[in-house]
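Notes follow the structure.
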Amino acid sequence: MSRKTIKDIAHEAGVSITAVSFALNNRPGISEQTRERILDIANKMDWVPNSRAQSLSLAKADAVGLFIARQPDSYTSERFFFNFIVGLQETLTHHNYDLVFHTGPDLEAEIATYRTWWAQGRVDGVVVVDPIDGDPRIDILNEIGLPAVVVGNDVPNTASIIGDEAAIVTTLADHLYDQGARTIGYVTGIPSLIHTQERIRALENYARERGLTALVASGANATEEAGRNAIAELLDAHATPDAIIFDNEILTLGGFNALRAAGKEIGRDVLICSCEDSPLCRIVTPSITVINREPAAIGRQAAALLLDVLNGKKPRLEKQEPADIIIRDSTGKLPQKDEEVYK
């Protein structure tokens with residue numbers, strides 16, 4: 001009779017191989033009822049552990065992986081990722097863990113890297129960024145049993161950290177409304193990202209409640225070029241915006257230059273603001289109104305959540321505190337427009 005494997009147990013129990021691994025190794029991530037059912041099936045099948053596999057599973061890499069699946073010009077100049085990685089590394093170093101950092105063009109490359117890391121025992125867990133609806137990475141990580149923390153989405157049975165994306169947009173929109181804006185544009189980077197979709201919905205809901213016009217221009221990436229192209233699209237729209245929210249400071253820079261090239265006086269003809277701050281937003285004239293988030297703090301939180309899982313604690317969700325707005329010169333009071341139509 002052939003030796004029974006955890007794949008046989010998973011088939012009999014109707015669960016994933018990862019769930020069987022969690023049950024047999026007394027790890028969190030499944031319900032007690034499921035754990036007991038799996039253990040009962042394993043006993044009935046006379047399953048015994050493979051000592052070689054156990055020794056491999058017990059070996060620790062003392063490293064955590066991070067893969068950014070974007071084109072380089074979409075993140076290399078962006079403050080968020082740099083500061084996020086600094087915060088991540090700070091907490092990992094404090095706990096004697098290394099950070100293994102890779103980049104690539106798409107999710108296929110990311111998933112292939114996860115499989116390689118797992119097969120070679122390179123990392124003990126991974127940090128997943130830029131989540132999307134129906135994210136294929138989560139199923140793959142569960143399949144191979146590689147622990148993860150997801151930044152930007154609440155994933156069941158997985159350590160997660162989320163922010164209030166709707167509050168970011170509505171805080172900016174409230175300020176723009178108070179300054180006289182009635183047609184608000186929103187320039188996004190990658191439209192498939194969950195946080196981008198949440199921000200779009202928030203602005204559209206806000207506009208409906210206030211009787212405003214919301215315009216959305218999305219690019220393939222969060223680059224200066226994408227910001228310039230989005231402004232060309234918005235200025236060509238039927239209702240030209242008198243205020244524009246940008247997803248980050250790099251899009252803002254592209255939009256800033258495009259608006260000036262189009263003869264618009266920023267802070268008077270059109271108001272602009274960014275969902276992310278950076279020194280760039282402070283040194284341009286006029287300086288840019290922003291949401292003051294701390295990406296390094298998010299990195300530290302993500303590392304702590306993942307390390308807890310690696311130390312046997314149950315995965316949990318953490319929510320970031322709402323971020324404040326910093327009001328600068330780019331969102332001055334718009335002049336009253338009586339019967340004149342803004343162009």
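In the structure tokens, the first chain shown is A, the next is B, and so on; residue numbers restart at 1 for each chain, and ligands run from 1 in the order shown.
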
**Prompt:** Got a sec to tell me which of range 61-121 of chain A DSSP assigns to helix (DSSP H, G or I), as an NGL selection string?
**Reply:** :A and (72-74 or 79-94 or 107-120)

**Request:** Can you check which residues of range 4-199 of chain A DSSP gives as strand (DSSP E) on the backbone and send them as a count of residues only?
**Result:** 32

So that each row is one residue of range 88-183 of chain A with an atom at most 12 Å from range 297-321 of chain A, can you give its shortest atom pair and the distance in Å to one decimal, using only C-alpha atoms, rows by chain and rising number, as CSV?
residue,atom,partner,partner_atom,distance
A:Leu88,CA,A:Gly299,CA,4.2
A:Gln89,CA,A:Arg300,CA,7.8
A:Glu90,CA,A:Arg300,CA,7.0
A:Thr91,CA,A:Arg300,CA,5.6
A:Leu92,CA,A:Ala303,CA,6.4
A:Thr93,CA,A:Ala303,CA,10.0
A:His94,CA,A:Ala304,CA,10.5
A:His95,CA,A:Leu307,CA,8.5
A:Asn96,CA,A:Leu307,CA,10.8
A:Tyr97,CA,A:Leu307,CA,9.3
A:Asp98,CA,A:Ala303,CA,11.1
A:Leu99,CA,A:Ala303,CA,10.1
A:Val123,CA,A:Leu310,CA,11.0
A:Asp124,CA,A:Leu310,CA,7.4
A:Gly125,CA,A:Leu306,CA,7.3
A:Val126,CA,A:Leu306,CA,7.9
A:Val127,CA,A:Ala302,CA,7.4
A:Val128,CA,A:Ala302,CA,9.5
A:Val129,CA,A:Ala302,CA,10.2
A:Gly145,CA,A:Leu310,CA,11.8
A:Leu146,CA,A:Leu310,CA,10.0
A:Pro147,CA,A:Val309,CA,7.3
A:Ala148,CA,A:Leu306,CA,6.3
A:Val149,CA,A:Leu306,CA,5.5
A:Val150,CA,A:Ala302,CA,7.8
A:Val151,CA,A:Ala302,CA,7.0
A:Gly152,CA,A:Lys319,CA,9.6
A:Asn153,CA,A:Leu317,CA,9.3
A:Asp154,CA,A:Leu317,CA,6.8
A:Val155,CA,A:Leu317,CA,8.4
A:Pro156,CA,A:Pro315,CA,8.8
A:Asn157,CA,A:Pro315,CA,6.1
A:Thr158,CA,A:Pro315,CA,5.3
A:Ala159,CA,A:Pro315,CA,4.4
A:Ser160,CA,A:Leu317,CA,4.8
A:Ile161,CA,A:Glu318,CA,4.8
A:Ile162,CA,A:Lys319,CA,5.0
A:Gly163,CA,A:Gln320,CA,4.9
A:Asp164,CA,A:Gln320,CA,7.2
A:Glu165,CA,A:Gln320,CA,10.1
A:Ala167,CA,A:Glu321,CA,10.5
A:Ile168,CA,A:Glu321,CA,11.1

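Note that CA of Arg79 in chain A and CA of Asp277 in chain A are 7.8 Å apart.
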
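Closest to Ala166 in chain A among A:Gly87, A:Ala262, A:Asn205, A:Glu276 is A:Asn205, based on only C-alpha atoms.
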
**Residue nearest Glu294 in chain A among A:Gln120, A:Ser74, A:Asn83, A:Thr34 (counting only C-alpha atoms)** =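 Closest to Glu294 in chain A, using only C-alpha atoms: A:Asn83.
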
**Message:** For a test of reading the model, state the distance in Å between CA of Cys275 in chain A and CA of Ser218 in chain A, rounded to one decimal.
**Reply:** 14.8 Å

**Prompt:** Which residues, written as an MDAnalysis selection string, have at least one atom at most 12 Å from Tyr206 in chain A, with only C-alpha atoms counted and residues fewer than 2 positions away on the same chain left out?
**Reply:** chainID A and resid 166:167 169:174 176:177 182:184 199:204 208:214
